[in-house]
file start-v4.txt (compact mmCIF, C-alpha atoms)
# COMPACT_ATOMS: atom_id res chain seq x y z
CA MET A 1 199.40 179.73 -83.27
CA TRP A 2 199.61 175.99 -82.82
CA ILE A 3 196.27 175.76 -84.56
CA ILE A 4 197.46 177.89 -87.49
CA GLY A 5 200.65 175.86 -87.79
CA ILE A 6 198.80 172.56 -87.73
CA THR A 7 196.20 173.95 -90.16
CA LEU A 8 198.96 174.80 -92.65
CA ILE A 9 200.44 171.31 -92.32
CA THR A 10 197.00 169.76 -92.73
CA LEU A 11 196.26 171.86 -95.83
CA ALA A 12 199.60 170.79 -97.27
CA ILE A 13 198.94 167.11 -96.65
CA ARG A 14 195.23 166.96 -97.45
CA LYS A 15 194.95 169.50 -100.25
CA LYS A 16 198.54 169.44 -101.49
CA TYR A 17 198.71 173.25 -101.12
CA GLU A 18 202.39 174.04 -101.73
CA PRO A 19 203.40 171.15 -99.44
CA LEU A 20 207.12 171.68 -99.95
CA LEU A 21 206.85 175.00 -98.17
CA LEU A 22 203.82 174.82 -95.97
CA VAL A 23 205.01 171.69 -94.14
CA PRO A 24 208.27 173.24 -92.86
CA ILE A 25 206.62 176.65 -92.36
CA GLY A 26 203.79 175.11 -90.34
CA PHE A 27 206.25 173.14 -88.23
CA GLY A 28 208.41 176.21 -87.67
CA MET A 29 205.34 178.12 -86.47
CA LEU A 30 204.44 175.32 -84.11
CA ILE A 31 207.81 174.86 -82.50
CA ILE A 32 208.52 178.55 -82.06
CA ASN A 33 205.33 179.01 -80.10
CA ILE A 34 206.12 176.37 -77.49
CA PRO A 35 206.93 178.27 -74.31
CA LEU A 36 210.55 178.03 -73.15
CA SER A 37 211.73 176.22 -76.28
CA ASP A 38 213.62 179.41 -77.14
CA LEU A 39 214.75 178.33 -80.60
CA MET A 40 214.67 181.92 -81.82
CA LYS A 41 216.72 183.40 -78.95
CA GLU A 42 220.03 184.86 -79.99
CA GLY A 43 222.53 182.06 -80.53
CA HIS A 44 219.92 179.29 -80.62
CA LEU A 45 219.31 176.92 -83.51
CA LEU A 46 216.62 178.59 -85.62
CA TRP A 47 217.89 182.07 -84.74
CA VAL A 48 221.25 181.12 -86.22
CA PHE A 49 219.65 179.81 -89.41
CA TYR A 50 217.41 182.82 -89.71
CA HIS A 51 219.94 185.45 -88.73
CA PHE A 52 222.68 184.39 -91.09
CA THR A 53 220.76 183.11 -94.10
CA ILE A 54 217.86 185.54 -94.30
CA ASP A 55 217.92 188.44 -91.90
CA ARG A 56 221.52 189.53 -92.16
CA TRP A 57 222.68 188.39 -95.58
CA ASP A 58 219.49 187.44 -97.40
CA ILE A 59 221.14 184.59 -99.26
CA LEU A 60 218.44 181.90 -99.29
CA PRO A 61 216.04 183.55 -101.77
CA PRO A 62 218.77 184.05 -104.42
CA LEU A 63 219.85 180.43 -103.90
CA ILE A 64 216.29 179.30 -104.60
CA PHE A 65 216.46 181.34 -107.79
CA ILE A 66 219.43 179.30 -109.05
CA GLY A 67 217.19 176.25 -108.83
CA ILE A 68 214.24 178.02 -110.44
CA GLY A 69 216.50 179.19 -113.27
CA ALA A 70 217.68 175.62 -113.81
CA MET A 71 214.07 174.41 -113.93
CA THR A 72 212.73 177.13 -116.21
CA ASP A 73 212.54 176.84 -119.97
CA PHE A 74 212.51 180.38 -121.32
CA GLY A 75 211.82 178.99 -124.81
CA PRO A 76 208.14 180.06 -124.93
CA LEU A 77 209.19 183.61 -124.03
CA ILE A 78 211.99 183.70 -126.60
CA ALA A 79 209.64 182.33 -129.27
CA ASN A 80 207.08 185.04 -128.56
CA PRO A 81 208.86 188.04 -127.02
CA LYS A 82 205.65 190.09 -127.03
CA THR A 83 204.58 188.09 -124.01
CA LEU A 84 207.29 189.86 -122.01
CA LEU A 85 204.89 192.82 -121.95
CA LEU A 86 202.19 190.67 -120.38
CA GLY A 87 204.59 189.52 -117.69
CA ALA A 88 205.41 193.15 -117.02
CA ALA A 89 201.74 194.24 -117.00
CA ALA A 90 200.98 191.76 -114.28
CA GLN A 91 203.28 193.72 -111.97
CA PHE A 92 200.75 196.53 -112.07
CA GLY A 93 198.94 194.97 -109.12
CA VAL A 94 202.17 195.21 -107.14
CA TYR A 95 202.31 198.98 -107.53
CA MET A 96 198.55 199.49 -107.09
CA THR A 97 198.70 197.69 -103.78
CA PHE A 98 201.82 199.57 -102.79
CA PHE A 99 199.83 202.81 -102.98
CA GLY A 100 196.77 201.20 -101.41
CA SER A 101 198.82 200.05 -98.44
CA LEU A 102 200.28 203.53 -98.02
CA LEU A 103 196.75 204.92 -97.81
CA LEU A 104 195.90 202.38 -95.13
CA GLY A 105 198.74 203.69 -93.02
CA PHE A 106 201.56 201.26 -93.67
CA ASN A 107 204.94 202.95 -94.14
CA LEU A 108 206.84 202.91 -97.46
CA HIS A 109 208.90 199.84 -96.64
CA GLU A 110 205.93 197.85 -95.38
CA ALA A 111 203.78 198.88 -98.34
CA ALA A 112 206.39 197.64 -100.83
CA SER A 113 206.61 194.31 -99.05
CA ILE A 114 202.84 193.89 -99.14
CA GLY A 115 202.55 194.95 -102.77
CA ILE A 116 205.09 192.41 -103.94
CA ILE A 117 202.68 189.63 -102.86
CA GLY A 118 200.79 190.49 -106.06
CA GLY A 119 203.65 189.05 -108.08
CA ALA A 120 202.82 185.66 -106.51
CA ASP A 121 206.49 184.85 -106.18
CA GLY A 122 207.51 183.43 -102.79
CA PRO A 123 211.31 183.82 -102.87
CA THR A 124 211.07 187.37 -104.18
CA THR A 125 208.62 188.26 -101.42
CA ILE A 126 211.07 186.89 -98.84
CA PHE A 127 213.99 188.72 -100.42
CA LEU A 128 212.25 192.07 -100.43
CA THR A 129 210.44 191.85 -97.10
CA SER A 130 213.50 190.75 -95.16
CA GLN A 131 215.35 193.82 -96.41
CA LEU A 132 212.56 196.32 -96.00
CA ALA A 133 210.19 195.18 -93.28
CA SER A 134 211.42 192.00 -91.62
CA HIS A 135 208.75 192.23 -88.90
CA LEU A 136 206.16 191.45 -91.60
CA LEU A 137 208.08 188.52 -93.06
CA GLY A 138 205.84 185.75 -91.75
CA ALA A 139 202.59 187.36 -92.82
CA THR A 140 203.68 188.40 -96.33
CA VAL A 141 205.30 185.06 -97.07
CA VAL A 142 202.40 182.96 -95.84
CA ALA A 143 200.07 185.21 -97.85
CA ALA A 144 202.22 184.88 -100.99
CA TYR A 145 202.45 181.10 -100.80
CA SER A 146 198.77 180.72 -99.90
CA TYR A 147 197.68 182.75 -102.90
CA MET A 148 200.08 180.83 -105.14
CA ALA A 149 198.37 177.64 -104.01
CA LEU A 150 194.98 179.24 -104.57
CA VAL A 151 195.71 180.41 -108.13
CA PRO A 152 193.28 177.84 -109.59
CA ILE A 153 190.50 179.20 -107.36
CA ILE A 154 191.19 182.95 -107.42
CA GLN A 155 192.01 183.47 -111.09
CA PRO A 156 189.26 181.77 -113.14
CA PRO A 157 186.36 184.01 -112.03
CA ILE A 158 188.39 187.13 -112.88
CA MET A 159 189.40 185.59 -116.20
CA ARG A 160 185.81 184.82 -117.14
CA LEU A 161 184.59 188.22 -116.02
CA LEU A 162 187.06 190.18 -118.13
CA THR A 163 187.00 188.14 -121.34
CA THR A 164 184.27 187.18 -123.78
CA LYS A 165 183.55 183.63 -124.87
CA GLU A 166 184.95 184.46 -128.32
CA GLU A 167 188.18 185.75 -126.84
CA ARG A 168 188.63 182.64 -124.73
CA LYS A 169 188.21 180.59 -127.89
CA ILE A 170 191.02 182.34 -129.75
CA ARG A 171 193.47 179.74 -130.96
CA MET A 172 197.08 180.74 -131.07
CA LYS A 173 199.74 179.75 -133.55
CA LYS A 174 202.12 177.04 -132.44
CA LEU A 175 205.34 178.39 -131.00
CA ARG A 176 208.29 178.32 -133.34
CA ASN A 177 211.29 176.22 -132.42
CA VAL A 178 213.93 178.11 -130.49
CA SER A 179 217.56 177.43 -131.37
CA LYS A 180 220.17 176.48 -128.81
CA LEU A 181 222.07 179.67 -129.54
CA GLU A 182 219.03 181.73 -128.53
CA LYS A 183 218.50 179.68 -125.39
CA VAL A 184 222.11 180.08 -124.27
CA GLY A 185 222.22 183.72 -125.30
CA PHE A 186 219.05 184.63 -123.41
CA PRO A 187 220.33 184.36 -119.82
CA LEU A 188 223.49 186.26 -120.72
CA LEU A 189 221.67 189.06 -122.51
CA ALA A 190 218.89 189.27 -119.93
CA THR A 191 221.45 189.53 -117.11
CA LEU A 192 223.33 192.31 -118.87
CA ILE A 193 220.25 194.35 -119.69
CA ILE A 194 218.33 193.97 -116.43
CA CYS A 195 221.33 194.33 -114.12
CA LEU A 196 222.52 197.45 -115.96
CA LEU A 197 219.07 199.00 -115.67
CA VAL A 198 218.17 197.83 -112.16
CA PRO A 199 221.42 196.93 -110.36
CA ASN A 200 219.54 196.01 -107.18
CA ALA A 201 217.75 193.21 -108.99
CA ALA A 202 221.13 191.57 -109.61
CA PRO A 203 221.06 189.08 -106.70
CA LEU A 204 217.79 187.56 -107.90
CA ILE A 205 218.11 188.01 -111.66
CA GLY A 206 221.80 187.03 -111.66
CA MET A 207 221.15 183.77 -109.81
CA LEU A 208 218.05 183.02 -111.89
CA MET A 209 220.05 183.42 -115.07
CA VAL A 210 223.13 181.50 -113.96
CA GLY A 211 220.82 178.59 -113.09
CA ASN A 212 219.26 178.90 -116.53
CA LEU A 213 222.68 179.01 -118.17
CA PHE A 214 223.57 175.73 -116.38
CA ARG A 215 220.43 174.23 -117.86
CA GLU A 216 220.78 175.44 -121.42
CA CYS A 217 224.52 175.34 -122.08
CA GLY A 218 224.48 171.54 -122.13
CA VAL A 219 227.95 170.94 -120.70
CA VAL A 220 227.29 171.18 -116.96
CA GLU A 221 224.37 168.85 -116.56
CA ARG A 222 225.65 167.90 -113.10
CA LEU A 223 225.37 171.47 -111.89
CA SER A 224 221.98 171.88 -113.50
CA LYS A 225 220.65 168.72 -111.85
CA THR A 226 222.03 169.69 -108.45
CA ALA A 227 220.50 173.15 -108.72
CA GLN A 228 217.12 171.69 -109.68
CA ASN A 229 217.06 169.05 -106.98
CA GLU A 230 219.48 168.89 -104.07
CA LEU A 231 220.28 172.59 -103.83
CA ILE A 232 216.72 173.84 -104.01
CA ASN A 233 215.51 171.10 -101.66
CA ILE A 234 218.08 171.88 -98.98
CA VAL A 235 217.44 175.59 -99.25
CA THR A 236 213.67 175.02 -99.09
CA ILE A 237 214.02 173.15 -95.79
CA PHE A 238 215.89 176.01 -94.12
CA LEU A 239 213.78 178.67 -95.74
CA GLY A 240 210.52 177.08 -94.62
CA LEU A 241 211.63 176.49 -91.05
CA CYS A 242 213.04 180.00 -90.72
CA ILE A 243 209.94 181.66 -92.10
CA GLY A 244 207.76 179.64 -89.75
CA ALA A 245 210.02 180.65 -86.90
CA THR A 246 209.48 184.36 -87.59
CA MET A 247 205.89 184.00 -86.43
CA PRO A 248 205.64 183.99 -82.67
CA ALA A 249 202.06 184.71 -81.61
CA GLU A 250 202.75 188.26 -80.43
CA VAL A 251 203.98 189.24 -83.91
CA PHE A 252 201.54 187.30 -86.05
CA LEU A 253 198.24 187.56 -84.22
CA LYS A 254 197.61 191.22 -84.92
CA PRO A 255 194.97 192.96 -87.02
CA GLN A 256 197.68 194.07 -89.44
CA THR A 257 198.19 190.44 -90.47
CA LEU A 258 194.60 190.36 -91.67
CA TYR A 259 195.15 193.60 -93.59
CA ILE A 260 198.20 192.06 -95.23
CA PHE A 261 196.24 189.00 -96.30
CA PHE A 262 193.49 191.20 -97.66
CA LEU A 263 195.84 193.57 -99.49
CA GLY A 264 197.81 190.63 -100.85
CA LEU A 265 194.63 189.23 -102.34
CA VAL A 266 193.78 192.61 -103.87
CA ALA A 267 197.29 192.80 -105.33
CA PHE A 268 196.94 189.37 -106.79
CA CYS A 269 193.56 190.08 -108.38
CA PHE A 270 194.82 193.35 -109.88
CA SER A 271 197.86 191.58 -111.32
CA THR A 272 195.65 188.98 -112.94
CA ALA A 273 193.30 191.63 -114.32
CA SER A 274 196.03 193.88 -115.67
CA GLY A 275 197.63 190.99 -117.58
CA LEU A 276 194.27 190.12 -119.13
CA LEU A 277 193.47 193.72 -120.03
CA LEU A 278 196.84 194.38 -121.63
CA ALA A 279 196.44 191.24 -123.73
CA LYS A 280 193.05 192.56 -124.92
CA PHE A 281 194.58 195.94 -125.64
CA MET A 282 197.42 194.36 -127.64
CA ASN A 283 194.83 192.49 -129.70
CA LEU A 284 193.62 195.84 -131.05
CA PHE A 285 196.89 196.11 -132.95
CA LEU A 286 197.97 192.53 -133.58
CA LYS A 287 197.23 190.58 -136.72
CA ASP A 288 197.76 187.23 -135.01
CA LYS A 289 195.45 187.68 -132.05
CA ILE A 290 196.57 186.44 -128.69
CA ASN A 291 194.21 184.65 -126.37
CA PRO A 292 193.82 187.13 -123.49
CA LEU A 293 193.74 184.27 -121.01
CA ILE A 294 197.51 183.97 -121.29
CA GLY A 295 197.75 187.50 -119.89
CA ALA A 296 196.54 186.18 -116.56
CA ALA A 297 199.56 183.89 -116.54
CA GLY A 298 201.75 186.96 -116.12
CA VAL A 299 201.65 186.43 -112.36
CA SER A 300 204.73 184.42 -111.73
CA ALA A 301 203.28 181.34 -110.04
CA VAL A 302 205.05 178.94 -112.44
CA PRO A 303 203.56 176.83 -113.94
CA MET A 304 200.25 176.97 -112.06
CA ALA A 305 199.06 180.19 -113.70
CA ALA A 306 199.79 178.79 -117.17
CA ARG A 307 197.90 175.62 -116.32
CA VAL A 308 194.92 177.68 -115.19
CA ALA A 309 194.93 179.53 -118.54
CA GLN A 310 194.88 176.17 -120.31
CA THR A 311 192.07 174.82 -118.15
CA VAL A 312 189.87 177.88 -118.64
CA ALA A 313 190.49 177.88 -122.40
CA MET A 314 189.67 174.19 -122.68
CA LYS A 315 186.31 174.73 -120.99
CA GLU A 316 185.21 176.70 -124.08
CA ASP A 317 186.96 174.69 -126.75
CA LYS A 318 188.33 171.25 -126.11
CA HIS A 319 190.74 171.55 -129.00
CA ASN A 320 192.40 174.77 -127.93
CA PHE A 321 195.88 174.43 -126.49
CA ILE A 322 197.49 177.54 -125.08
CA LEU A 323 199.58 176.01 -122.30
CA MET A 324 202.93 176.58 -123.96
CA GLN A 325 201.92 180.06 -125.15
CA ALA A 326 200.90 180.88 -121.57
CA MET A 327 204.34 179.83 -120.31
CA GLY A 328 205.75 182.92 -122.06
CA PRO A 329 204.10 185.53 -119.81
CA ASN A 330 204.42 183.12 -116.92
CA VAL A 331 208.24 182.97 -116.98
CA ALA A 332 208.33 186.65 -117.90
CA GLY A 333 206.36 187.26 -114.70
CA THR A 334 209.16 185.75 -112.64
CA ILE A 335 211.62 188.15 -114.21
CA GLY A 336 209.14 190.99 -113.80
CA THR A 337 208.52 190.45 -110.10
CA ALA A 338 212.24 190.12 -109.33
CA THR A 339 212.86 193.35 -111.24
CA ALA A 340 210.03 195.09 -109.39
CA ALA A 341 211.66 194.02 -106.10
CA GLY A 342 214.97 195.47 -107.30
CA LEU A 343 213.23 198.73 -108.16
CA PHE A 344 211.68 198.97 -104.70
CA ILE A 345 215.08 198.44 -103.10
CA THR A 346 216.59 201.11 -105.34
CA MET A 347 213.85 203.60 -104.52
CA LEU A 348 213.56 202.92 -100.82
CA ILE A 349 217.04 202.06 -99.55
CA LYS A 350 219.67 203.63 -101.75
CA MET B 1 189.70 158.91 -145.38
CA SER B 2 191.94 158.73 -142.35
CA ILE B 3 192.27 161.49 -139.81
CA GLU B 4 195.40 162.03 -137.80
CA ILE B 5 195.29 163.14 -134.18
CA VAL B 6 198.52 164.99 -133.39
CA ALA B 7 200.15 166.16 -130.19
CA PRO B 8 199.48 169.88 -129.65
CA MET B 9 202.64 170.36 -127.61
CA PRO B 10 205.69 168.43 -126.47
CA GLY B 11 205.10 166.19 -123.48
CA ILE B 12 204.78 162.63 -122.23
CA VAL B 13 201.92 160.26 -122.97
CA ALA B 14 200.22 159.79 -119.61
CA GLU B 15 197.35 157.52 -120.60
CA VAL B 16 195.85 156.06 -123.77
CA LEU B 17 192.09 155.78 -123.32
CA VAL B 18 191.12 153.93 -126.49
CA ASP B 19 191.97 150.66 -128.24
CA ILE B 20 192.31 149.80 -131.90
CA GLY B 21 188.89 149.22 -133.38
CA ASP B 22 187.04 151.45 -130.91
CA GLU B 23 184.31 153.67 -132.30
CA VAL B 24 184.92 157.25 -131.16
CA SER B 25 182.88 160.42 -131.51
CA THR B 26 183.84 164.07 -131.85
CA ASP B 27 185.20 165.61 -128.65
CA GLN B 28 185.70 162.25 -127.00
CA GLU B 29 188.90 162.11 -124.95
CA LEU B 30 191.42 159.82 -126.61
CA ILE B 31 194.70 160.31 -124.87
CA PHE B 32 196.23 162.25 -122.00
CA ILE B 33 199.47 164.13 -122.60
CA GLU B 34 201.39 165.38 -119.62
CA ALA B 35 203.11 168.73 -120.05
CA MET B 36 204.16 171.18 -117.33
CA LYS B 37 202.97 168.63 -114.75
CA MET B 38 199.45 168.95 -116.14
CA GLU B 39 197.53 166.14 -117.79
CA ILE B 40 195.83 167.49 -120.87
CA PRO B 41 193.12 165.51 -122.64
CA ILE B 42 193.50 165.27 -126.40
CA CYS B 43 190.05 164.95 -127.91
CA SER B 44 188.92 163.48 -131.17
CA THR B 45 188.35 165.96 -133.97
CA SER B 46 185.75 163.80 -135.70
CA ASP B 47 183.68 160.64 -135.49
CA GLY B 48 185.39 157.46 -136.59
CA LYS B 49 187.07 154.23 -135.74
CA VAL B 50 190.53 153.96 -134.20
CA LYS B 51 192.74 152.52 -136.94
CA GLU B 52 196.17 152.94 -135.47
CA ILE B 53 197.71 153.98 -132.14
CA LYS B 54 201.23 155.26 -132.71
CA VAL B 55 202.32 155.87 -129.11
CA LYS B 56 202.20 154.08 -125.80
CA GLU B 57 202.17 155.27 -122.21
CA LYS B 58 205.35 157.02 -120.98
CA ASP B 59 206.41 157.83 -124.57
CA LYS B 60 207.95 161.26 -125.09
CA VAL B 61 206.20 163.12 -127.88
CA GLU B 62 207.05 166.23 -129.86
CA ALA B 63 204.59 168.86 -131.02
CA ASP B 64 202.74 167.73 -134.18
CA GLN B 65 203.75 164.10 -133.71
CA ILE B 66 200.99 161.73 -134.85
CA LEU B 67 199.38 159.96 -131.90
CA ILE B 68 196.35 158.19 -133.29
CA VAL B 69 194.98 157.57 -136.77
CA LEU B 70 191.23 157.39 -137.19
CA GLY B 71 189.81 155.57 -140.19

call {"tool": "encode", "arguments": {"input": "start-v4.txt", "output": "structure tokens"}}
result
Amino acid sequence: MWIIGITLITLAIRKKYEPLLLVPIGFGMLIINIPLSDLMKEGHLLWVFYHFTIDRWDILPPLIFIGIGAMTDFGPLIANPKTLLLGAAAQFGVYMTFFGSLLLGFNLHEAASIGIIGGADGPTTIFLTSQLASHLLGATVVAAYSYMALVPIIQPPIMRLLTTKEERKIRMKKLRNVSKLEKVGFPLLATLIICLLVPNAAPLIGMLMVGNLFRECGVVERLSKTAQNELINIVTIFLGLCIGATMPAEVFLKPQTLYIFFLGLVAFCFSTASGLLLAKFMNLFLKDKINPLIGAAGVSAVPMAARVAQTVAMKEDKHNFILMQAMGPNVAGTIGTATAAGLFITMLIK
Amino acid sequence: MSIEIVAPMPGIVAEVLVDIGDEVSTDQELIFIEAMKMEIPICSTSDGKVKEIKVKEKDKVEADQILIVLG
């Protein structure tokens, strides 16, 4: 386990793979596996952090979402609401893998936690797994963050396989300007609609949208800045350490961890593919064709997945810019994965 | 006839790769715009000579803003 912990830290430093998370996670893994250090024994330091902020009350992931909301510009989604569908399609991998995991013998709660990796959204994975299958927390979270870091390696081959050269060359219209009224109205309306439909998504969606309201309303810049910087940084420190600390060797070094990594990868590939395929399907009906590459950005790794869409498009045509268009499904993916998590909780707990 | 190279999206000018008077060819990278923490090369749409550079590094640009004029 020391080796795995140090490997994660090395990857973070050398390759810049999600360093903000992998550094504290790697360190947490290391320190928890030192005999007699006992930091995860009831009443000890990391146990207290973990027990009260994740295990018992599950408050850290929603806190992260305040920061994400404050950092996210939903403008590209508002300008092109069709892309909401692409963000939703990319959740298909989540459900596919849910059923796949069931077939492999995981129980309902475990299968949901593994499937959600396909959304490529770290905080949501933590939120769901800690409620449904907390013994898998370490494995699902490390898998989710690893695949987020590997988006630029995993996605392009799938994107090239499922699209033609002509499709990758499709140029999209520039996004229209979005008014302030729309930007302020969006978090309010989205909260109302999603929380009425899927009440269990309220902790994540509610916090995401309040963060976004801070950002867009223009009168609480102090709160918006704090949410984007200090708040999310502090929460990330505790979150990373706690997640690392959930991985003592006897829990992590099991064959099921390998299954989880494998299934997570499958989920992620299916999510990418389903976004691409829905975009192609939509093109059968649309007059202004969309570049199917932006469908792959429906996985919620923001903004990496959108950047990958841009990079792949630019390989075919140096003058094609779809980055902002790809941000639409990308931010929709965040909403989609959080909603999918809420649905799982509704189905499996209530 | 002069050709305008415009910003395809809002962002920040990360690097200007050409000087006034430079001969440039189609698809040559002229300028890097940073958007969503990604540096995107803006390439020339035709052959020509750089007549005017309207932005400098660290400038904030809007979509469709003119960056470089080729003459």

call {"tool": "closest_residue", "arguments": {"input": "start-v4.txt", "among": "B:Met36, B:Val24, B:Lys56, B:Ile31", "to": "Val6 in chain B", "atoms": "only C-alpha atoms"}}
result
B:Ile31

call {"tool": "residues_around", "arguments": {"input": "start-v4.txt", "residues": "range 7-22 of chain B", "least_positions_apart": "2", "cutoff": "6 Å", "atoms": "all atoms listed in the file", "output": "list in words"}}
result
Leu30, Ile31, Phe32, Ile33, Glu34, Ala35, Lys49, Val50, Lys51, Glu57, Lys58, Asp59, Lys60, Val61, Glu62, Ala63, Asp64 and Gln65 of chain B

call {"tool": "closest_atom_pairs", "arguments": {"input": "start-v4.txt", "of": "chain A", "to": "chain B", "cutoff": "9 Å", "atoms": "all atoms listed in the file", "output": "JSON lines"}}
result
{"residue": "A:Lys174", "atom": "CA", "partner": "B:Pro8", "partner_atom": "CA", "distance": 8.1}
{"residue": "A:Pro303", "atom": "CA", "partner": "B:Met36", "partner_atom": "CA", "distance": 6.6}
{"residue": "A:Met304", "atom": "CA", "partner": "B:Met36", "partner_atom": "CA", "distance": 8.8}
{"residue": "A:Ala306", "atom": "CA", "partner": "B:Met36", "partner_atom": "CA", "distance": 8.8}
{"residue": "A:Arg307", "atom": "CA", "partner": "B:Met38", "partner_atom": "CA", "distance": 6.9}
{"residue": "A:Gln310", "atom": "CA", "partner": "B:Ile40", "partner_atom": "CA", "distance": 8.7}
{"residue": "A:Thr311", "atom": "CA", "partner": "B:Ile40", "partner_atom": "CA", "distance": 8.7}
{"residue": "A:Lys318", "atom": "CA", "partner": "B:Cys43", "partner_atom": "CA", "distance": 6.8}
{"residue": "A:His319", "atom": "CA", "partner": "B:Cys43", "partner_atom": "CA", "distance": 6.7}
{"residue": "A:Asn320", "atom": "CA", "partner": "B:Pro8", "partner_atom": "CA", "distance": 8.8}
{"residue": "A:Phe321", "atom": "CA", "partner": "B:Pro8", "partner_atom": "CA", "distance": 6.6}
{"residue": "A:Leu323", "atom": "CA", "partner": "B:Met36", "partner_atom": "CA", "distance": 8.3}
{"residue": "A:Met324", "atom": "CA", "partner": "B:Met9", "partner_atom": "CA", "distance": 7.2}

call {"tool": "atom_distance", "arguments": {"input": "start-v4.txt", "atom1": "CA of Gly240 in chain A", "atom2": "CA of Val151 in chain A"}}
result
20.3 Å

call {"tool": "atom_distance", "arguments": {"input": "start-v4.txt", "atom1": "CA of Leu67 in chain B", "atom2": "CA of Thr26 in chain B"}}
result
16.1 Å

call {"tool": "atom_distance", "arguments": {"input": "start-v4.txt", "atom1": "CA of Ala139 in chain A", "atom2": "CA of Gly328 in chain A"}}
result
29.7 Å

call {"tool": "residues_around", "arguments": {"input": "start-v4.txt", "residues": "range 15-30 of chain A", "least_positions_apart": "2", "cutoff": "8 Å", "atoms": "all atoms listed in the file", "output": "PDB file with C-alpha atoms, keeping the file's coordinate frame"}}
result
ATOM      1  CA  MET A   1     199.400 179.730 -83.270  1.00  0.00           C
ATOM      2  CA  TRP A   2     199.610 175.990 -82.820  1.00  0.00           C
ATOM      3  CA  ILE A   4     197.460 177.890 -87.490  1.00  0.00           C
ATOM      4  CA  GLY A   5     200.650 175.860 -87.790  1.00  0.00           C
ATOM      5  CA  ILE A   6     198.800 172.560 -87.730  1.00  0.00           C
ATOM      6  CA  THR A   7     196.200 173.950 -90.160  1.00  0.00           C
ATOM      7  CA  LEU A   8     198.960 174.800 -92.650  1.00  0.00           C
ATOM      8  CA  ILE A   9     200.440 171.310 -92.320  1.00  0.00           C
ATOM      9  CA  THR A  10     197.000 169.760 -92.730  1.00  0.00           C
ATOM     10  CA  LEU A  11     196.260 171.860 -95.830  1.00  0.00           C
ATOM     11  CA  ALA A  12     199.600 170.790 -97.270  1.00  0.00           C
ATOM     12  CA  ILE A  13     198.940 167.110 -96.650  1.00  0.00           C
ATOM     13  CA  ILE A  32     208.520 178.550 -82.060  1.00  0.00           C
ATOM     14  CA  ASN A  33     205.330 179.010 -80.100  1.00  0.00           C
ATOM     15  CA  ILE A  34     206.120 176.370 -77.490  1.00  0.00           C
ATOM     16  CA  TYR A 145     202.450 181.100-100.800  1.00  0.00           C
ATOM     17  CA  SER A 146     198.770 180.720 -99.900  1.00  0.00           C
ATOM     18  CA  MET A 148     200.080 180.830-105.140  1.00  0.00           C
ATOM     19  CA  ALA A 149     198.370 177.640-104.010  1.00  0.00           C
ATOM     20  CA  LEU A 150     194.980 179.240-104.570  1.00  0.00           C
ATOM     21  CA  THR A 236     213.670 175.020 -99.090  1.00  0.00           C
ATOM     22  CA  ILE A 237     214.020 173.150 -95.790  1.00  0.00           C
ATOM     23  CA  GLY A 240     210.520 177.080 -94.620  1.00  0.00           C
ATOM     24  CA  LEU A 241     211.630 176.490 -91.050  1.00  0.00           C
ATOM     25  CA  CYS A 242     213.040 180.000 -90.720  1.00  0.00           C
ATOM     26  CA  ILE A 243     209.940 181.660 -92.100  1.00  0.00           C
ATOM     27  CA  GLY A 244     207.760 179.640 -89.750  1.00  0.00           C
ATOM     28  CA  ALA A 245     210.020 180.650 -86.900  1.00  0.00           C
ATOM     29  CA  THR A 246     209.480 184.360 -87.590  1.00  0.00           C
ATOM     30  CA  MET A 247     205.890 184.000 -86.430  1.00  0.00           C
ATOM     31  CA  PRO A 248     205.640 183.990 -82.670  1.00  0.00           C
TER      32      PRO A 248
END

call {"tool": "residues_around", "arguments": {"input": "start-v4.txt", "residues": "Ile158 in chain A", "least_positions_apart": "2", "cutoff": "12 Å", "atoms": "only C-alpha atoms", "output": "JSON list (two decimals) with C-alpha atoms, in the coordinates of the input"}}
result
[["chain", "number", "residue", "atom", "x", "y", "z"],
["A", 151, "VAL", "CA", 195.71, 180.41, -108.13],
["A", 152, "PRO", "CA", 193.28, 177.84, -109.59],
["A", 153, "ILE", "CA", 190.50, 179.20, -107.36],
["A", 154, "ILE", "CA", 191.19, 182.95, -107.42],
["A", 155, "GLN", "CA", 192.01, 183.47, -111.09],
["A", 156, "PRO", "CA", 189.26, 181.77, -113.14],
["A", 160, "ARG", "CA", 185.81, 184.82, -117.14],
["A", 161, "LEU", "CA", 184.59, 188.22, -116.02],
["A", 162, "LEU", "CA", 187.06, 190.18, -118.13],
["A", 163, "THR", "CA", 187.00, 188.14, -121.34],
["A", 164, "THR", "CA", 184.27, 187.18, -123.78],
["A", 266, "VAL", "CA", 193.78, 192.61, -103.87],
["A", 268, "PHE", "CA", 196.94, 189.37, -106.79],
["A", 269, "CYS", "CA", 193.56, 190.08, -108.38],
["A", 270, "PHE", "CA", 194.82, 193.35, -109.88],
["A", 271, "SER", "CA", 197.86, 191.58, -111.32],
["A", 272, "THR", "CA", 195.65, 188.98, -112.94],
["A", 273, "ALA", "CA", 193.30, 191.63, -114.32],
["A", 274, "SER", "CA", 196.03, 193.88, -115.67],
["A", 275, "GLY", "CA", 197.63, 190.99, -117.58],
["A", 276, "LEU", "CA", 194.27, 190.12, -119.13],
["A", 277, "LEU", "CA", 193.47, 193.72, -120.03],
["A", 292, "PRO", "CA", 193.82, 187.13, -123.49],
["A", 293, "LEU", "CA", 193.74, 184.27, -121.01],
["A", 295, "GLY", "CA", 197.75, 187.50, -119.89],
["A", 296, "ALA", "CA", 196.54, 186.18, -116.56],
["A", 308, "VAL", "CA", 194.92, 177.68, -115.19],
["A", 309, "ALA", "CA", 194.93, 179.53, -118.54],
["A", 312, "VAL", "CA", 189.87, 177.88, -118.64]]
